[in-house]
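What follows is a set of notes on a single structure, which appears directly below.
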Amino acid sequence: MALATARNDKPPDPRKRAVIVIHGIGNQSPMQTLRGFVHAVWTTDNTLTKRGIRQVWAKVDEVSANLELRRLSTSEDQYRVRTDFFEFYYAHLLEGTSLSTVFWWLWRVLFRTTKRVPEKLRVPWLFGILVTVAFGAAVALFGWLSLKVLQVVQDDFCRAALWAAGASALVILFWILRHAVLVEFLGDAAKYLTAAPANIAARNAIRRAGLDMLKALHKDDDYERIIVVGHSLGSVVGYDILNFFWSNCCSTYAHPKTAQTDLVNIDAAAKSLRAAADAPALSRWREAQRAYARNLASHQDAWKITDFVTLGSPLSHAHVLLVDDREQLFDADDLKPWINGWYQKQLDLVTRLVSAVLARRIAERALPICPPEPEAESVAFTRKDLPGKPRQPHHAAVFAPVRWTNIFAPRRRLLWGDLIGGPIAPLFGPGVRDVALSGKIGTGFFAHTKYWQTKKGLDTDHTDKLRAALNLLDRPENDVWPI
């Protein structure tokens, strides 16, 4: 009897949270990103556990169809909650990118008049033009060397051998550039960011795999909270799968009957934030988001995603990369969303011109923003012809319950800081918390790949801000999630 009593008195199994890490561009190996990330945000963080014991075990990843992956499961934190870190790996789905795809993408991005180049992008734009011109000159040099070989090979074999050696060196250089830079580096971005017929299958495969992972984690009752982290191109992938997942499932997870007060508070906080995008308004907005997220997590069909964290995100250049900014707009003046007013405050004239297509897609709700694009000053649809009909958040309101934190290293002199990342709030709304790094990583050379780098003697500004964005110890006062 004593044994039975002891078993009945045993505390319940600890709950778990899931952190999904989405890697960036490049020919990365499975788990390469995840292990370094977990080391930075868990293994080296002394505040997570009471006794200072932080263990990690590699277990079978049951939510992914990729047998190369493992989930990294941690020991309990101060609230007896474990964390499972997952890597959403998609590099293998972008294999086979052709050079023509890269060249057409570069043509669209680089070859434009100076009147259509935002001021903040002019230095990278000029650098890209110079690199492209240099590449063209190298191709011309290869042709000239090959012609010289043919001209002198019969009369002077030694000179022909020298010309041939030069041509061979250029061939080796071209091969390295093709594989290491054009295909494996720029190729990933070109293929995913371009909705061309040759790229549709890969884009769909990546997004469907991401949706399958989110569905599997939502069905698993062990997980109380999900955090999505995207680095570089992975931030665009994360943005897309959040958009599609909410759009497909918001009617299931939004629970309008029990969340009416939270939606009213969301609307009020959003209106205040649009009027004055200061720190107090942003704090009130994020508090309203968290209250709404906890309400959604309290139901059987729980919405579990609470945070979206982006690192070095090219979404800061979404007006050029995410849409074709030279696309013709029809009847562009018939819709005046609040985002246009926000752009007036945040963007210079050239950037607003380039951002016209992006603003239109936001107004159409093809692209979600934070706070969400309002419906008659509300993030929720209301049926005015049906009295008593509860509010229902619309299909692009994913950032009503999901907080968005963007961490970036400010660019200086082209290659110091992060050339690819930058602030996101100017394009995606004042509800995005932009966090600029200021330590050695944030001001150092090519910080884009160093957001979770840890080594002896390195300051912790970047890891401190990353841990704060994840907020793994975010718990209500009664230590139970949700309320």
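Every chain in the structure tokens has a letter given in the order shown (A, B, ...), and although residue numbers restart at 1 in each chain, ligands are simply numbered from 1 in the order shown.
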
At most 7 Å is the cut-off: for each residue in stretch 280-359 of chain A with any atom that close to an atom of stretch 393-410 of chain A, write down the nearest atom pair and the distance in Å rounded to one decimal, counting only C-alpha atoms, chain first then increasing number, as JSON lines.
{"residue": "A:Arg286", "atom": "CA", "partner": "A:Arg403", "partner_atom": "CA", "distance": 6.6}
{"residue": "A:Gln289", "atom": "CA", "partner": "A:Pro401", "partner_atom": "CA", "distance": 4.8}
{"residue": "A:Arg290", "atom": "CA", "partner": "A:Pro401", "partner_atom": "CA", "distance": 6.4}
{"residue": "A:Tyr292", "atom": "CA", "partner": "A:Pro401", "partner_atom": "CA", "distance": 5.6}
{"residue": "A:Ala293", "atom": "CA", "partner": "A:Pro401", "partner_atom": "CA", "distance": 4.7}
{"residue": "A:Ile305", "atom": "CA", "partner": "A:Val402", "partner_atom": "CA", "distance": 6.4}
{"residue": "A:Thr306", "atom": "CA", "partner": "A:Val402", "partner_atom": "CA", "distance": 4.7}
{"residue": "A:Asp307", "atom": "CA", "partner": "A:Arg403", "partner_atom": "CA", "distance": 4.7}
{"residue": "A:Phe308", "atom": "CA", "partner": "A:Trp404", "partner_atom": "CA", "distance": 4.8}
{"residue": "A:Val309", "atom": "CA", "partner": "A:Thr405", "partner_atom": "CA", "distance": 4.9}
{"residue": "A:Thr310", "atom": "CA", "partner": "A:Asn406", "partner_atom": "CA", "distance": 4.7}
{"residue": "A:Leu311", "atom": "CA", "partner": "A:Ile407", "partner_atom": "CA", "distance": 5.0}
{"residue": "A:Gly312", "atom": "CA", "partner": "A:Phe408", "partner_atom": "CA", "distance": 5.1}

What are the DSSP strand (DSSP E or B) residues of stretch 98-338 of chain A, as number ranges by chain? A: 223-231, 305-311

Write out as a PDB file with C-alpha atoms, in the first residue's frame all residues of stretch 110-295 of chain A that backbone DSSP assigns to alpha helix (DSSP H).
ATOM      1  CA  LEU A 110      21.141  44.258 -59.127  1.00  0.00           C
ATOM      2  CA  ARG A 122      23.522  51.522 -52.274  1.00  0.00           C
ATOM      3  CA  VAL A 123      26.876  50.317 -50.935  1.00  0.00           C
ATOM      4  CA  PRO A 124      25.945  46.582 -51.190  1.00  0.00           C
ATOM      5  CA  TRP A 125      24.358  47.291 -54.586  1.00  0.00           C
ATOM      6  CA  LEU A 126      27.542  48.942 -55.914  1.00  0.00           C
ATOM      7  CA  PHE A 127      29.614  46.092 -54.495  1.00  0.00           C
ATOM      8  CA  GLY A 128      27.389  43.569 -56.260  1.00  0.00           C
ATOM      9  CA  ILE A 129      27.700  45.469 -59.528  1.00  0.00           C
ATOM     10  CA  LEU A 130      31.497  45.562 -59.226  1.00  0.00           C
ATOM     11  CA  VAL A 131      31.678  41.838 -58.465  1.00  0.00           C
ATOM     12  CA  THR A 132      29.443  41.076 -61.439  1.00  0.00           C
ATOM     13  CA  VAL A 133      31.550  43.274 -63.739  1.00  0.00           C
ATOM     14  CA  ALA A 134      34.724  41.617 -62.441  1.00  0.00           C
ATOM     15  CA  PHE A 135      33.222  38.197 -63.134  1.00  0.00           C
ATOM     16  CA  GLY A 136      32.352  39.290 -66.685  1.00  0.00           C
ATOM     17  CA  ALA A 137      35.909  40.599 -67.154  1.00  0.00           C
ATOM     18  CA  ALA A 138      37.297  37.260 -65.967  1.00  0.00           C
ATOM     19  CA  VAL A 139      35.140  35.428 -68.511  1.00  0.00           C
ATOM     20  CA  ALA A 140      36.413  37.763 -71.234  1.00  0.00           C
ATOM     21  CA  LEU A 141      39.994  37.162 -70.055  1.00  0.00           C
ATOM     22  CA  PHE A 142      39.450  33.409 -70.282  1.00  0.00           C
ATOM     23  CA  GLY A 143      38.244  33.791 -73.854  1.00  0.00           C
ATOM     24  CA  TRP A 144      41.260  35.928 -74.737  1.00  0.00           C
ATOM     25  CA  LEU A 145      43.700  33.443 -73.152  1.00  0.00           C
ATOM     26  CA  SER A 146      42.074  30.544 -75.005  1.00  0.00           C
ATOM     27  CA  LEU A 147      42.393  32.448 -78.284  1.00  0.00           C
ATOM     28  CA  LYS A 148      46.100  33.190 -77.616  1.00  0.00           C
ATOM     29  CA  VAL A 149      46.721  29.489 -76.996  1.00  0.00           C
ATOM     30  CA  LEU A 150      45.241  28.621 -80.387  1.00  0.00           C
ATOM     31  CA  GLN A 151      47.264  31.374 -82.093  1.00  0.00           C
ATOM     32  CA  VAL A 152      50.719  30.461 -80.793  1.00  0.00           C
ATOM     33  CA  PHE A 157      54.778  25.808 -77.459  1.00  0.00           C
ATOM     34  CA  CYS A 158      56.203  27.393 -74.274  1.00  0.00           C
ATOM     35  CA  ARG A 159      54.200  30.576 -74.674  1.00  0.00           C
ATOM     36  CA  ALA A 160      51.121  28.497 -75.471  1.00  0.00           C
ATOM     37  CA  ALA A 161      51.685  26.508 -72.280  1.00  0.00           C
ATOM     38  CA  LEU A 162      51.831  29.734 -70.259  1.00  0.00           C
ATOM     39  CA  TRP A 163      48.591  30.996 -71.824  1.00  0.00           C
ATOM     40  CA  ALA A 164      47.011  27.597 -71.181  1.00  0.00           C
ATOM     41  CA  ALA A 165      48.135  27.675 -67.525  1.00  0.00           C
ATOM     42  CA  GLY A 166      46.451  31.063 -67.109  1.00  0.00           C
ATOM     43  CA  ALA A 167      43.263  29.776 -68.733  1.00  0.00           C
ATOM     44  CA  SER A 168      43.359  26.672 -66.514  1.00  0.00           C
ATOM     45  CA  ALA A 169      43.706  28.832 -63.402  1.00  0.00           C
ATOM     46  CA  LEU A 170      40.618  30.753 -64.445  1.00  0.00           C
ATOM     47  CA  VAL A 171      38.732  27.484 -65.022  1.00  0.00           C
ATOM     48  CA  ILE A 172      39.591  26.393 -61.473  1.00  0.00           C
ATOM     49  CA  LEU A 173      38.497  29.801 -60.160  1.00  0.00           C
ATOM     50  CA  PHE A 174      35.219  29.562 -62.098  1.00  0.00           C
ATOM     51  CA  TRP A 175      34.602  26.064 -60.726  1.00  0.00           C
ATOM     52  CA  ILE A 176      35.176  27.247 -57.143  1.00  0.00           C
ATOM     53  CA  GLY A 187      21.765  29.523 -55.336  1.00  0.00           C
ATOM     54  CA  ASP A 188      19.729  28.728 -52.221  1.00  0.00           C
ATOM     55  CA  ALA A 189      18.475  32.299 -51.982  1.00  0.00           C
ATOM     56  CA  ALA A 190      17.803  32.548 -55.709  1.00  0.00           C
ATOM     57  CA  LYS A 191      15.833  29.307 -55.792  1.00  0.00           C
ATOM     58  CA  TYR A 192      13.718  29.895 -52.699  1.00  0.00           C
ATOM     59  CA  LEU A 193      13.068  33.600 -53.224  1.00  0.00           C
ATOM     60  CA  ILE A 200       8.048  25.825 -57.431  1.00  0.00           C
ATOM     61  CA  ALA A 201       8.538  22.151 -56.545  1.00  0.00           C
ATOM     62  CA  ALA A 202      11.428  22.909 -54.152  1.00  0.00           C
ATOM     63  CA  ARG A 203       9.596  25.826 -52.534  1.00  0.00           C
ATOM     64  CA  ASN A 204       6.488  23.720 -52.004  1.00  0.00           C
ATOM     65  CA  ALA A 205       8.473  20.773 -50.626  1.00  0.00           C
ATOM     66  CA  ILE A 206      10.204  23.000 -48.045  1.00  0.00           C
ATOM     67  CA  ARG A 207       6.988  24.664 -46.929  1.00  0.00           C
ATOM     68  CA  ARG A 208       5.043  21.403 -46.709  1.00  0.00           C
ATOM     69  CA  ALA A 209       7.806  19.845 -44.622  1.00  0.00           C
ATOM     70  CA  GLY A 210       7.668  22.847 -42.294  1.00  0.00           C
ATOM     71  CA  LEU A 211       3.883  22.642 -42.012  1.00  0.00           C
ATOM     72  CA  ASP A 212       4.112  18.919 -41.249  1.00  0.00           C
ATOM     73  CA  MET A 213       6.543  19.649 -38.415  1.00  0.00           C
ATOM     74  CA  LEU A 214       4.269  22.310 -36.889  1.00  0.00           C
ATOM     75  CA  LYS A 215       1.248  19.998 -37.177  1.00  0.00           C
ATOM     76  CA  ALA A 216       3.087  17.129 -35.494  1.00  0.00           C
ATOM     77  CA  LEU A 217       4.220  19.323 -32.588  1.00  0.00           C
ATOM     78  CA  HIS A 218       0.719  20.735 -32.117  1.00  0.00           C
ATOM     79  CA  LYS A 219      -0.739  17.230 -31.958  1.00  0.00           C
ATOM     80  CA  LEU A 233      17.189  32.484 -45.403  1.00  0.00           C
ATOM     81  CA  GLY A 234      15.721  30.283 -42.660  1.00  0.00           C
ATOM     82  CA  SER A 235      13.935  33.363 -41.312  1.00  0.00           C
ATOM     83  CA  VAL A 236      12.093  33.700 -44.637  1.00  0.00           C
ATOM     84  CA  VAL A 237      11.225  29.990 -44.517  1.00  0.00           C
ATOM     85  CA  GLY A 238       9.967  30.405 -40.949  1.00  0.00           C
ATOM     86  CA  TYR A 239       7.912  33.463 -41.899  1.00  0.00           C
ATOM     87  CA  ASP A 240       6.298  31.522 -44.748  1.00  0.00           C
ATOM     88  CA  ILE A 241       5.385  28.428 -42.757  1.00  0.00           C
ATOM     89  CA  LEU A 242       3.945  30.535 -39.915  1.00  0.00           C
ATOM     90  CA  ASN A 243       1.870  32.425 -42.464  1.00  0.00           C
ATOM     91  CA  PHE A 244       0.545  29.265 -44.125  1.00  0.00           C
ATOM     92  CA  PHE A 245       0.009  27.375 -40.867  1.00  0.00           C
ATOM     93  CA  TRP A 246      -2.055  30.140 -39.286  1.00  0.00           C
ATOM     94  CA  SER A 247      -3.969  30.759 -42.504  1.00  0.00           C
ATOM     95  CA  ASN A 248      -4.920  27.071 -42.705  1.00  0.00           C
ATOM     96  CA  CYS A 249      -5.641  26.572 -39.012  1.00  0.00           C
ATOM     97  CA  CYS A 250      -6.742  29.904 -37.507  1.00  0.00           C
ATOM     98  CA  SER A 251     -10.401  28.889 -37.485  1.00  0.00           C
ATOM     99  CA  THR A 252      -9.411  25.826 -35.421  1.00  0.00           C
ATOM    100  CA  TYR A 253      -7.054  27.515 -32.983  1.00  0.00           C
ATOM    101  CA  GLN A 260     -13.119  38.150 -27.065  1.00  0.00           C
ATOM    102  CA  THR A 261     -11.588  40.222 -24.268  1.00  0.00           C
ATOM    103  CA  ASP A 262      -8.076  39.387 -25.439  1.00  0.00           C
ATOM    104  CA  LEU A 263      -8.934  40.399 -29.003  1.00  0.00           C
ATOM    105  CA  VAL A 264     -10.343  43.721 -27.775  1.00  0.00           C
ATOM    106  CA  ASN A 265      -7.087  44.285 -25.851  1.00  0.00           C
ATOM    107  CA  ILE A 266      -5.061  43.297 -28.916  1.00  0.00           C
ATOM    108  CA  ASP A 267      -6.936  45.861 -30.997  1.00  0.00           C
ATOM    109  CA  ALA A 268      -6.467  48.604 -28.407  1.00  0.00           C
ATOM    110  CA  ALA A 269      -2.744  47.874 -28.017  1.00  0.00           C
ATOM    111  CA  ALA A 270      -2.265  47.742 -31.787  1.00  0.00           C
ATOM    112  CA  LYS A 271      -4.052  51.068 -32.298  1.00  0.00           C
ATOM    113  CA  SER A 272      -1.907  52.685 -29.613  1.00  0.00           C
ATOM    114  CA  LEU A 273       1.263  51.238 -31.157  1.00  0.00           C
ATOM    115  CA  ARG A 274       0.414  52.524 -34.631  1.00  0.00           C
ATOM    116  CA  ALA A 275      -0.220  55.996 -33.207  1.00  0.00           C
ATOM    117  CA  ALA A 279       8.894  51.544 -26.073  1.00  0.00           C
ATOM    118  CA  PRO A 280       5.895  51.682 -23.671  1.00  0.00           C
ATOM    119  CA  ALA A 281       3.433  51.078 -26.533  1.00  0.00           C
ATOM    120  CA  LEU A 282       5.543  48.168 -27.781  1.00  0.00           C
ATOM    121  CA  SER A 283       5.617  46.653 -24.275  1.00  0.00           C
ATOM    122  CA  ARG A 284       1.828  46.930 -23.970  1.00  0.00           C
ATOM    123  CA  TRP A 285       1.454  45.321 -27.396  1.00  0.00           C
ATOM    124  CA  ARG A 286       3.674  42.388 -26.486  1.00  0.00           C
ATOM    125  CA  GLU A 287       1.852  41.908 -23.179  1.00  0.00           C
ATOM    126  CA  ALA A 288      -1.450  41.772 -25.059  1.00  0.00           C
ATOM    127  CA  GLN A 289       0.060  39.243 -27.464  1.00  0.00           C
ATOM    128  CA  ARG A 290       1.202  37.028 -24.606  1.00  0.00           C
ATOM    129  CA  ALA A 291      -2.192  37.146 -22.888  1.00  0.00           C
ATOM    130  CA  TYR A 292      -3.885  36.126 -26.138  1.00  0.00           C
ATOM    131  CA  ALA A 293      -1.351  33.326 -26.702  1.00  0.00           C
ATOM    132  CA  ARG A 294      -1.976  31.947 -23.196  1.00  0.00           C
ATOM    133  CA  ASN A 295      -5.707  31.983 -23.824  1.00  0.00           C
TER     134      ASN A 295
END

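With distances taken over only C-alpha atoms, A:His231 is the one residue among A:Lys16, A:His231, A:His319, A:Arg108 lying closest to A:Tyr89.
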
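Counting from atom CA of A:His23, the distance to atom CA of A:Ala58 is 18.3 Å.
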
Do you have the atom CA of A:Thr454-atom CA of A:Ile22 distance handy?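 Atom CA of A:Ile22 lies 19.1 Å from atom CA of A:Thr454.
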
Point out the residue among A:Phe88, A:Tyr79, A:Phe446, A:Trp107 with the least atom-to-atom distance to A:Thr33, counting only C-alpha atoms.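 Among the listed residues, the smallest separation from A:Thr33 belongs to A:Phe88.
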
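Distance-wise, atom CA of A:Pro430 and atom CA of A:Leu367 end up 15.3 Å apart.
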